[in-house]
$ cat structure-v1.cif   # mmCIF, C-alpha atoms and all ligand atoms
data_input
loop_
_atom_site.label_atom_id
_atom_site.label_comp_id
_atom_site.auth_asym_id
_atom_site.auth_seq_id
_atom_site.Cartn_x
_atom_site.Cartn_y
_atom_site.Cartn_z
CA MET A 1 -0.91 -6.74 -20.07
CA GLN A 2 2.25 -8.65 -21.03
CA ASN A 3 3.31 -5.70 -23.26
CA LEU A 4 2.91 -3.26 -20.38
CA LEU A 5 4.99 -5.34 -17.97
CA GLU A 6 7.58 -6.93 -20.25
CA ASN A 7 11.14 -6.24 -19.12
CA LYS A 8 9.96 -3.92 -16.33
CA ILE A 9 11.57 -3.45 -12.92
CA VAL A 10 8.90 -3.56 -10.21
CA LEU A 11 9.43 -2.79 -6.51
CA ILE A 12 6.79 -3.86 -3.97
CA THR A 13 6.95 -2.87 -0.30
CA GLY A 14 5.24 -5.08 2.26
CA ALA A 15 5.88 -7.97 -0.12
CA SER A 16 6.16 -10.69 2.52
CA SER A 17 2.51 -11.02 3.56
CA GLY A 18 -1.14 -10.50 2.69
CA ILE A 19 -1.88 -8.10 -0.17
CA GLY A 20 1.82 -7.57 -1.01
CA ARG A 21 2.43 -11.29 -1.35
CA CYS A 22 -0.56 -11.62 -3.71
CA ILE A 23 0.74 -8.71 -5.79
CA VAL A 24 4.09 -10.52 -6.02
CA ASN A 25 2.35 -13.72 -7.20
CA ASP A 26 0.33 -11.86 -9.83
CA PHE A 27 3.23 -9.81 -11.19
CA SER A 28 5.58 -12.80 -11.30
CA ARG A 29 3.41 -14.31 -14.06
CA PHE A 30 4.71 -11.69 -16.52
CA GLN A 31 8.11 -11.51 -18.17
CA LEU A 32 9.50 -8.81 -15.88
CA LYS A 33 13.13 -7.80 -15.83
CA SER A 34 13.21 -7.80 -12.04
CA LEU A 35 10.94 -7.98 -9.02
CA ILE A 36 12.29 -6.25 -5.92
CA LEU A 37 10.61 -7.39 -2.70
CA VAL A 38 10.82 -5.18 0.39
CA ALA A 39 9.76 -5.80 4.02
CA ARG A 40 11.59 -6.02 7.37
CA ASN A 41 11.55 -9.79 7.88
CA GLN A 42 14.22 -11.25 5.56
CA SER A 43 13.23 -14.89 6.05
CA LYS A 44 9.60 -14.19 5.13
CA LEU A 45 10.81 -12.31 2.06
CA ASP A 46 13.06 -15.23 1.09
CA GLU A 47 10.08 -17.56 1.49
CA THR A 48 7.98 -15.31 -0.79
CA ALA A 49 10.82 -15.16 -3.31
CA SER A 50 11.27 -18.93 -3.32
CA SER A 51 7.55 -19.43 -4.00
CA ILE A 52 8.02 -17.75 -7.40
CA LYS A 53 8.33 -20.49 -9.99
CA GLN A 54 8.74 -18.28 -13.05
CA ASP A 55 12.18 -17.55 -14.42
CA ILE A 56 12.53 -13.89 -13.45
CA GLU A 57 15.10 -12.08 -11.34
CA VAL A 58 13.81 -11.67 -7.78
CA LEU A 59 15.59 -9.49 -5.22
CA PRO A 60 14.28 -9.87 -1.65
CA VAL A 61 15.72 -7.02 0.45
CA SER A 62 15.07 -6.24 4.08
CA CYS A 63 14.32 -2.58 4.76
CA ASP A 64 12.23 -0.74 7.33
CA VAL A 65 10.21 1.69 5.20
CA SER A 66 9.74 4.01 8.18
CA ASN A 67 13.51 4.50 8.48
CA LYS A 68 14.66 7.23 6.08
CA GLU A 69 18.33 6.18 6.18
CA GLU A 70 17.53 2.53 5.42
CA VAL A 71 15.35 3.60 2.48
CA LYS A 72 18.14 5.88 1.18
CA ARG A 73 20.61 2.98 1.38
CA LEU A 74 18.26 0.67 -0.47
CA GLY A 75 17.57 3.35 -3.09
CA LYS A 76 21.30 3.74 -3.72
CA GLU A 77 21.76 -0.04 -4.03
CA ILE A 78 18.96 -0.24 -6.58
CA HIS A 79 20.10 2.80 -8.54
CA ASP A 80 23.67 1.39 -8.64
CA ARG A 81 22.34 -1.93 -9.89
CA TYR A 82 19.62 -0.84 -12.36
CA GLY A 83 19.66 2.96 -12.58
CA TYR A 84 15.86 3.15 -12.26
CA ILE A 85 12.66 1.26 -11.50
CA ASP A 86 9.51 1.27 -13.64
CA ILE A 87 6.78 0.52 -11.12
CA LEU A 88 6.77 1.37 -7.41
CA ILE A 89 4.04 -0.21 -5.28
CA ASN A 90 3.89 1.37 -1.82
CA ASN A 91 1.98 -1.32 0.05
CA ALA A 92 3.77 -1.74 3.41
CA GLY A 93 1.48 -0.67 6.21
CA VAL A 94 0.44 -1.25 9.79
CA GLY A 95 -2.70 -0.59 11.77
CA THR A 96 -3.39 0.26 15.35
CA PHE A 97 -6.52 0.45 17.39
CA GLY A 98 -7.52 2.58 20.36
CA ARG A 99 -9.07 5.89 21.30
CA VAL A 100 -6.77 8.89 20.85
CA GLU A 101 -6.52 9.52 24.61
CA THR A 102 -5.28 5.97 25.19
CA ILE A 103 -2.73 5.44 22.40
CA SER A 104 0.77 6.83 22.83
CA ILE A 105 2.41 9.44 20.62
CA GLU A 106 5.02 6.79 19.76
CA GLU A 107 2.28 4.47 18.49
CA ILE A 108 0.80 7.24 16.32
CA GLU A 109 4.32 7.97 15.01
CA ARG A 110 4.91 4.28 14.21
CA VAL A 111 1.76 4.16 12.08
CA SER A 112 2.38 7.56 10.42
CA PHE A 113 6.05 6.87 9.65
CA THR A 114 5.28 3.45 8.16
CA ASN A 115 2.12 4.20 6.20
CA TYR A 116 2.66 7.83 5.19
CA PHE A 117 6.35 8.76 5.41
CA GLY A 118 7.43 5.31 4.16
CA MET A 119 5.47 5.97 0.98
CA ILE A 120 7.05 9.45 0.70
CA TYR A 121 10.61 8.15 1.25
CA PHE A 122 10.23 5.58 -1.54
CA THR A 123 8.51 8.05 -3.86
CA LYS A 124 11.25 10.66 -3.36
CA ILE A 125 14.02 8.09 -3.95
CA PHE A 126 12.66 6.92 -7.32
CA LEU A 127 10.70 9.89 -8.67
CA ASN A 128 13.65 11.77 -10.20
CA SER A 129 14.81 8.82 -12.29
CA MET A 130 11.21 8.34 -13.45
CA ILE A 131 11.05 12.02 -14.43
CA GLU A 132 14.39 11.76 -16.28
CA ARG A 133 13.08 8.79 -18.28
CA ASN A 134 9.58 10.32 -18.52
CA THR A 135 8.00 7.00 -17.62
CA GLY A 136 6.90 5.17 -14.49
CA HIS A 137 3.94 4.28 -12.31
CA ILE A 138 3.59 4.84 -8.56
CA ILE A 139 0.82 2.79 -6.97
CA ASN A 140 -0.13 3.48 -3.37
CA ILE A 141 -2.24 1.06 -1.35
CA ALA A 142 -4.50 3.25 0.79
CA SER A 143 -7.87 2.10 2.19
CA LEU A 144 -11.50 3.10 2.37
CA ALA A 145 -10.26 4.50 5.71
CA ALA A 146 -8.54 7.20 3.60
CA SER A 147 -12.00 8.73 3.16
CA PHE A 148 -13.76 8.04 6.48
CA GLY A 149 -12.58 8.85 10.00
CA ILE A 150 -13.33 5.69 11.96
CA PRO A 151 -13.44 5.87 15.76
CA GLY A 152 -10.56 3.91 17.31
CA MET A 153 -8.48 4.27 14.16
CA ALA A 154 -7.47 7.95 14.14
CA ALA A 155 -3.76 7.20 13.63
CA TYR A 156 -4.45 4.80 10.77
CA CYS A 157 -7.14 6.95 9.08
CA GLY A 158 -4.92 10.03 9.43
CA SER A 159 -2.03 8.22 7.70
CA LYS A 160 -4.25 7.02 4.85
CA PHE A 161 -6.06 10.38 4.38
CA ALA A 162 -2.56 11.91 4.16
CA MET A 163 -1.45 9.28 1.64
CA LEU A 164 -4.49 10.01 -0.54
CA GLY A 165 -3.95 13.80 -0.39
CA PHE A 166 -0.23 13.49 -1.19
CA SER A 167 -0.97 11.13 -4.09
CA GLU A 168 -3.64 13.44 -5.52
CA SER A 169 -1.27 16.44 -5.50
CA LEU A 170 1.53 14.37 -7.04
CA SER A 171 -0.80 13.04 -9.71
CA HIS A 172 -1.71 16.61 -10.72
CA GLU A 173 1.97 17.64 -10.77
CA LEU A 174 2.79 14.74 -13.10
CA LYS A 175 -0.19 15.25 -15.42
CA ARG A 176 1.77 16.22 -18.52
CA THR A 177 4.46 13.57 -18.04
CA GLY A 178 4.65 9.87 -18.78
CA ILE A 179 4.41 9.06 -15.06
CA LYS A 180 1.19 7.88 -13.48
CA VAL A 181 0.06 7.83 -9.87
CA SER A 182 -2.67 5.44 -8.73
CA VAL A 183 -4.29 4.82 -5.37
CA ILE A 184 -6.02 1.56 -4.51
CA SER A 185 -8.50 1.75 -1.63
CA PRO A 186 -9.85 -1.59 -0.43
CA ILE A 187 -12.39 -2.26 2.30
CA GLY A 188 -11.29 -4.81 4.95
CA VAL A 189 -9.07 -7.59 3.59
CA LYS A 190 -8.39 -11.03 5.11
CA THR A 191 -4.69 -10.76 5.97
CA ASN A 192 -2.40 -10.72 9.00
CA PHE A 193 -3.09 -7.00 9.35
CA PHE A 194 -5.49 -7.64 12.25
CA ASN A 195 -3.39 -10.35 13.94
CA ASN A 196 -1.88 -8.23 16.66
CA GLU A 197 -2.53 -7.02 20.18
CA TYR A 198 -4.14 -3.79 18.97
CA PHE A 199 -7.13 -5.33 17.20
CA ASP A 200 -7.77 -8.20 19.59
CA HIS A 201 -10.30 -9.81 17.20
CA LYS A 202 -12.45 -6.64 17.16
CA TYR A 203 -12.83 -6.85 13.38
CA PRO A 204 -14.79 -9.83 12.06
CA MET A 205 -13.16 -11.30 8.93
CA LYS A 206 -16.53 -12.57 7.62
CA TYR A 207 -17.27 -9.61 5.34
CA MET A 208 -13.71 -9.00 4.28
CA LEU A 209 -12.14 -9.46 0.85
CA ASP A 210 -9.60 -12.00 -0.25
CA PRO A 211 -6.28 -10.23 -0.88
CA GLU A 212 -6.27 -11.51 -4.49
CA LYS A 213 -9.10 -9.04 -5.25
CA VAL A 214 -6.77 -6.18 -4.33
CA SER A 215 -3.82 -7.47 -6.34
CA LYS A 216 -6.09 -7.84 -9.40
CA ALA A 217 -7.14 -4.19 -8.92
CA VAL A 218 -3.45 -3.20 -8.89
CA LEU A 219 -2.94 -4.99 -12.22
CA ARG A 220 -6.04 -3.29 -13.66
CA SER A 221 -4.73 0.11 -12.58
CA ILE A 222 -1.60 -0.52 -14.68
CA ILE A 223 -3.81 -0.94 -17.75
CA SER A 224 -6.26 1.87 -17.00
CA GLY A 225 -3.84 4.32 -15.37
CA SER A 226 -6.83 5.55 -13.36
CA PHE A 227 -6.10 7.59 -10.26
CA HIS A 228 -8.36 6.11 -7.59
CA THR A 229 -9.77 2.58 -7.53
CA HIS A 230 -11.95 1.26 -4.74
CA VAL A 231 -12.10 -2.46 -4.08
CA PRO A 232 -14.85 -3.49 -4.53
CA ALA A 233 -15.76 -0.71 -6.97
CA ILE A 234 -19.17 -0.21 -5.34
CA ALA A 235 -17.44 0.94 -2.13
CA GLY A 236 -16.49 4.11 -4.02
CA LEU A 237 -20.15 5.16 -3.95
CA SER A 238 -19.85 5.65 -0.19
CA ILE A 239 -17.80 8.81 -0.79
CA PRO A 240 -20.39 10.90 -2.71
CA PHE A 241 -22.94 9.48 -0.24
CA LYS A 242 -20.88 10.88 2.65
CA TYR A 243 -20.81 14.37 1.12
CA CYS A 244 -24.48 14.33 0.02
CA PHE A 245 -25.80 12.87 3.28
CA PRO A 246 -23.38 13.78 6.07
CA ALA A 247 -25.91 13.38 8.88
CA ILE A 248 -26.88 9.85 7.78
CA THR A 249 -23.21 8.92 7.35
CA ASP A 250 -22.49 10.21 10.85
CA LEU A 251 -25.34 8.11 12.22
CA ILE A 252 -24.13 4.95 10.44
CA ILE A 253 -20.54 5.33 11.67
CA ASP A 254 -21.75 6.12 15.17
CA ARG A 255 -24.02 3.05 15.26
CA GLN A 256 -21.41 0.76 13.76
CA PHE A 257 -18.58 1.75 16.11
CA ARG A 258 -20.51 2.92 19.20
CA LYS A 259 -18.88 0.38 21.55
CA ILE A 260 -15.35 1.63 20.84
N1 LIG B 301 -6.07 -5.84 5.58
C1 LIG B 301 -6.93 -4.85 5.40
O1 LIG B 301 -8.10 -4.91 5.85
C2 LIG B 301 -6.54 -3.63 4.61
C3 LIG B 301 -7.57 -2.80 4.12
C4 LIG B 301 -7.23 -1.67 3.39
C5 LIG B 301 -5.90 -1.37 3.16
N2 LIG B 301 -4.91 -2.17 3.67
C6 LIG B 301 -3.53 -1.79 3.42
O2 LIG B 301 -2.90 -2.80 2.67
C7 LIG B 301 -1.49 -2.79 2.92
C8 LIG B 301 -1.00 -4.21 3.14
O3 LIG B 301 -1.59 -4.72 4.33
P1 LIG B 301 -2.00 -6.24 4.53
O4 LIG B 301 -3.44 -6.28 4.82
O5 LIG B 301 -1.47 -7.08 3.44
O6 LIG B 301 -1.25 -6.53 5.91
P2 LIG B 301 -0.13 -7.61 6.34
O7 LIG B 301 -0.51 -8.96 5.88
O8 LIG B 301 0.07 -7.36 7.78
O9 LIG B 301 1.16 -7.15 5.52
C9 LIG B 301 1.85 -5.96 5.83
C10 LIG B 301 3.18 -5.97 5.09
O10 LIG B 301 3.85 -4.73 5.36
C11 LIG B 301 5.17 -5.01 5.83
N3 LIG B 301 5.59 -3.95 6.74
C12 LIG B 301 4.96 -3.51 7.86
N4 LIG B 301 5.68 -2.53 8.44
C13 LIG B 301 6.80 -2.37 7.67
C14 LIG B 301 7.93 -1.53 7.76
N5 LIG B 301 8.08 -0.64 8.74
N6 LIG B 301 8.88 -1.62 6.79
C15 LIG B 301 8.75 -2.53 5.78
N7 LIG B 301 7.69 -3.34 5.64
C16 LIG B 301 6.74 -3.26 6.59
C17 LIG B 301 5.07 -6.38 6.51
O11 LIG B 301 6.31 -7.08 6.56
P3 LIG B 301 7.32 -7.03 7.82
O12 LIG B 301 6.48 -7.13 9.05
O13 LIG B 301 8.25 -8.17 7.60
O14 LIG B 301 8.04 -5.73 7.72
C18 LIG B 301 4.12 -7.09 5.55
O15 LIG B 301 4.83 -7.59 4.45
C19 LIG B 301 -1.29 -1.84 4.11
O16 LIG B 301 -0.82 -0.59 3.65
C20 LIG B 301 -2.69 -1.68 4.69
O17 LIG B 301 -2.86 -0.43 5.32
C21 LIG B 301 -5.21 -3.31 4.36
#

$ encode --input "structure-v1.cif" --output "C-alpha cells" --more "lines below"
Ligand SMILES: NC(=O)c1ccc[n+]([C@@H]2O[C@H](COP(=O)([O-])OP(=O)(O)OC[C@H]3O[C@@H](n4cnc5c(N)ncnc54)[C@H](OP(=O)(O)O)[C@@H]3O)[C@@H](O)[C@H]2O)c1
Amino acid sequence: MQNLLENKIVLITGASSGIGRCIVNDFSRFQLKSLILVARNQSKLDETASSIKQDIEVLPVSCDVSNKEEVKRLGKEIHDRYGYIDILINNAGVGTFGRVETISIEEIERVSFTNYFGMIYFTKIFLNSMIERNTGHIINIASLAASFGIPGMAAYCGSKFAMLGFSESLSHELKRTGIKVSVISPIGVKTNFFNNEYFDHKYPMKYMLDPEKVSKAVLRSIISGSFHTHVPAIAGLSIPFKYCFPAITDLIIDRQFRKI
C-alpha cells in the first residue's frame, strides 16, 4: 500500500465530515506528497487538517463543488502549484427527502449539481493531466441508491444512478490507459448526512455502517483497481437479485417504504 501511495497528490472532496474525514485519516497514514481537502466550510476543513498528526503537506481549500467557476478556479490553483494530481476522490454529496410532487426543482438541482455535476467538474479539470501522464485514479463515492430507486429519494437516487453510469462509460474509455476509475457504493452510513430538515430522523442509524468501513474500501480499491465495490460486499448481491426477481424486489421496496 505504501508503495502505491508514496509521494502521491490526493484530492478528497467532502473532506470535512463523515466518510470524507475518515478517508483523510486513513490516507494521512501514508507518505503522501500532498493531501488536498475540499468542502465549503473552511473552519471544518481547518479542523480536519489540524487533526492530521503525520508530517505531510495538507491543503484545506474551500470550494462549492456544485459551482463550476469555483471548481475551475481551484483546478487552476492546483495545476499552478503541482501540475497534476494522482488520486481524485469525489465524495462530496448531499441528500434530500420527499415525494417528487412536493420537492422543488431547485432542491432537485441542488442535489444533482452537488452529487453528479460536482463529480463531473472535478473529473474534467484533472482528467487531461492524468491522460498526459498516463496515470491516475478517480474514485467516486456513489451508494447502493445508485442501483435502486427508493421512494422519497428520487433526486438523490437519480444523481447516484447518473454518477454510476458516467463512471462506467469513463472506465471503458480509459481501459487501455494507466488511469483507473472506481465506484464505491455503501449502504447507509452513520454520518451527518441525515442530520437535516429533509430526513427528520426517518432513517434509523441502527443498521448503518461506521464510515471507517467505507474509507477502508476506498483504500482497497486503490490496490485492486476494481471498478465497483459495494460496502459491505454482500450488498452487491442485491443487484443480480433485483434483475432476476424484479417482482419480489418491487414488493420488498414497497413494503419497506410504504409510509413515505
Ligand atoms: N451517509 C450515508 O448513509 C451514505 C450512504 C451512501 C453514500 N453516501 C455518500 O457518501 C458521501 C459522503 O457523505 P457523508 O455520509 O460522509 O455525509 P456528510 O457527513 O454530510 O459529509 C458530506 C461532505 O460533503 C461536503 N459537501 C456537501 N455539499 C458540498 C458542496 N456543494 N461543495 C463541497 N462540499 C460539499 C460537506 O462539507 P460542507 O458542508 O462544508 O461543504 C461534507 O464534508 C456522499 O456523496 C453521500 O452521497 C452516504

$ closest_atom_pairs --input "structure-v1.cif" --of "chain A" --to "ligand LIG 301 (chain B)" --cutoff "7 Å" --atoms "all atoms listed in the file" --output "JSON lines"
{"residue": "A:Thr13", "atom": "CA", "partner": "B:LIG301", "partner_atom": "N7", "distance": 6.0}
{"residue": "A:Gly14", "atom": "CA", "partner": "B:LIG301", "partner_atom": "O15", "distance": 3.4}
{"residue": "A:Ala15", "atom": "CA", "partner": "B:LIG301", "partner_atom": "O15", "distance": 4.7}
{"residue": "A:Ser16", "atom": "CA", "partner": "B:LIG301", "partner_atom": "O15", "distance": 3.9}
{"residue": "A:Ser17", "atom": "CA", "partner": "B:LIG301", "partner_atom": "O15", "distance": 4.2}
{"residue": "A:Gly18", "atom": "CA", "partner": "B:LIG301", "partner_atom": "O5", "distance": 3.5}
{"residue": "A:Ile19", "atom": "CA", "partner": "B:LIG301", "partner_atom": "O5", "distance": 3.8}
{"residue": "A:Gly20", "atom": "CA", "partner": "B:LIG301", "partner_atom": "O5", "distance": 5.6}
{"residue": "A:Val38", "atom": "CA", "partner": "B:LIG301", "partner_atom": "C15", "distance": 6.4}
{"residue": "A:Ala39", "atom": "CA", "partner": "B:LIG301", "partner_atom": "N7", "distance": 3.6}
{"residue": "A:Arg40", "atom": "CA", "partner": "B:LIG301", "partner_atom": "O14", "distance": 3.6}
{"residue": "A:Asn41", "atom": "CA", "partner": "B:LIG301", "partner_atom": "O13", "distance": 3.7}
{"residue": "A:Lys44", "atom": "CA", "partner": "B:LIG301", "partner_atom": "O13", "distance": 6.6}
{"residue": "A:Cys63", "atom": "CA", "partner": "B:LIG301", "partner_atom": "C15", "distance": 5.7}
{"residue": "A:Asp64", "atom": "CA", "partner": "B:LIG301", "partner_atom": "N6", "distance": 3.5}
{"residue": "A:Val65", "atom": "CA", "partner": "B:LIG301", "partner_atom": "N6", "distance": 3.9}
{"residue": "A:Ser66", "atom": "CA", "partner": "B:LIG301", "partner_atom": "N5", "distance": 5.0}
{"residue": "A:Asn91", "atom": "CA", "partner": "B:LIG301", "partner_atom": "O16", "distance": 4.6}
{"residue": "A:Ala92", "atom": "CA", "partner": "B:LIG301", "partner_atom": "O10", "distance": 3.6}
{"residue": "A:Gly93", "atom": "CA", "partner": "B:LIG301", "partner_atom": "O16", "distance": 3.4}
{"residue": "A:Val94", "atom": "CA", "partner": "B:LIG301", "partner_atom": "C12", "distance": 5.4}
{"residue": "A:Gly95", "atom": "CA", "partner": "B:LIG301", "partner_atom": "O17", "distance": 6.5}
{"residue": "A:Thr114", "atom": "CA", "partner": "B:LIG301", "partner_atom": "N5", "distance": 5.0}
{"residue": "A:Asn115", "atom": "CA", "partner": "B:LIG301", "partner_atom": "O16", "distance": 6.2}
{"residue": "A:Ile141", "atom": "CA", "partner": "B:LIG301", "partner_atom": "O16", "distance": 5.5}
{"residue": "A:Ala142", "atom": "CA", "partner": "B:LIG301", "partner_atom": "C5", "distance": 5.4}
{"residue": "A:Ser143", "atom": "CA", "partner": "B:LIG301", "partner_atom": "C4", "distance": 4.0}
{"residue": "A:Leu144", "atom": "CA", "partner": "B:LIG301", "partner_atom": "C4", "distance": 6.5}
{"residue": "A:Ser185", "atom": "CA", "partner": "B:LIG301", "partner_atom": "C4", "distance": 6.2}
{"residue": "A:Pro186", "atom": "CA", "partner": "B:LIG301", "partner_atom": "C4", "distance": 4.6}
{"residue": "A:Ile187", "atom": "CA", "partner": "B:LIG301", "partner_atom": "C3", "distance": 5.2}
{"residue": "A:Gly188", "atom": "CA", "partner": "B:LIG301", "partner_atom": "O1", "distance": 3.3}
{"residue": "A:Val189", "atom": "CA", "partner": "B:LIG301", "partner_atom": "O1", "distance": 3.6}
{"residue": "A:Lys190", "atom": "CA", "partner": "B:LIG301", "partner_atom": "N1", "distance": 5.7}
{"residue": "A:Thr191", "atom": "CA", "partner": "B:LIG301", "partner_atom": "O7", "distance": 4.6}
{"residue": "A:Asn192", "atom": "CA", "partner": "B:LIG301", "partner_atom": "O7", "distance": 4.1}
{"residue": "A:Phe193", "atom": "CA", "partner": "B:LIG301", "partner_atom": "O8", "distance": 3.5}
{"residue": "A:Phe194", "atom": "CA", "partner": "B:LIG301", "partner_atom": "N1", "distance": 6.9}

$ residues_around --input "structure-v1.cif" --residues "range 228-232 of chain A" --least-positions-apart "4" --cutoff "12 Å" --atoms "all atoms listed in the file" --output "MDAnalysis selection string"
chainID A and resid 139:147 163:165 167:168 171 180:189 207:222 224 236:239

$ atom_distance --input "structure-v1.cif" --atom1 "CA of Leu127 in chain A" --atom2 "CA of Ile85 in chain A"
9.3 Å

$ atom_distance --input "structure-v1.cif" --atom1 "CA of Ser28 in chain A" --atom2 "CA of Gly225 in chain A"
20.0 Å

$ closest_atom_pairs --input "structure-v1.cif" --of "range 140-254 of chain A" --to "range 106-112 of chain A" --cutoff "8 Å" --atoms "all atoms listed in the file" --output "JSON lines"
{"residue": "A:Ala155", "atom": "CA", "partner": "A:Ile108", "partner_atom": "CA", "distance": 5.3}
{"residue": "A:Tyr156", "atom": "CA", "partner": "A:Val111", "partner_atom": "CA", "distance": 6.4}
{"residue": "A:Gly158", "atom": "CA", "partner": "A:Ser112", "partner_atom": "CA", "distance": 7.8}
{"residue": "A:Ser159", "atom": "CA", "partner": "A:Ser112", "partner_atom": "CA", "distance": 5.2}

$ residues_around --input "structure-v1.cif" --residues "Ser50 in chain A" --least-positions-apart "6" --cutoff "12 Å" --atoms "only C-alpha atoms" --output "ChimeraX atom specification"
/A:16,21,24-25,28,37,43-44,56-60

$ closest_residue --input "structure-v1.cif" --among "A:Ile223, A:Glu173, A:Gly178, A:Arg73" --to "Gln2 in chain A" --atoms "all atoms listed in the file"
A:Ile223

$ closest_residue --input "structure-v1.cif" --among "A:Phe122, A:Glu6, A:Gln256, A:Ile150" --to "Lys76 in chain A" --atoms "all atoms listed in the file"
A:Phe122

$ atom_distance --input "structure-v1.cif" --atom1 "CA of Tyr84 in chain A" --atom2 "CA of Asp55 in chain A"
21.1 Å

$ closest_residue --input "structure-v1.cif" --among "A:Leu5, A:Ser34, A:Phe227, A:Ala154" --to "Gly98 in chain A" --atoms "only C-alpha atoms"
A:Ala154
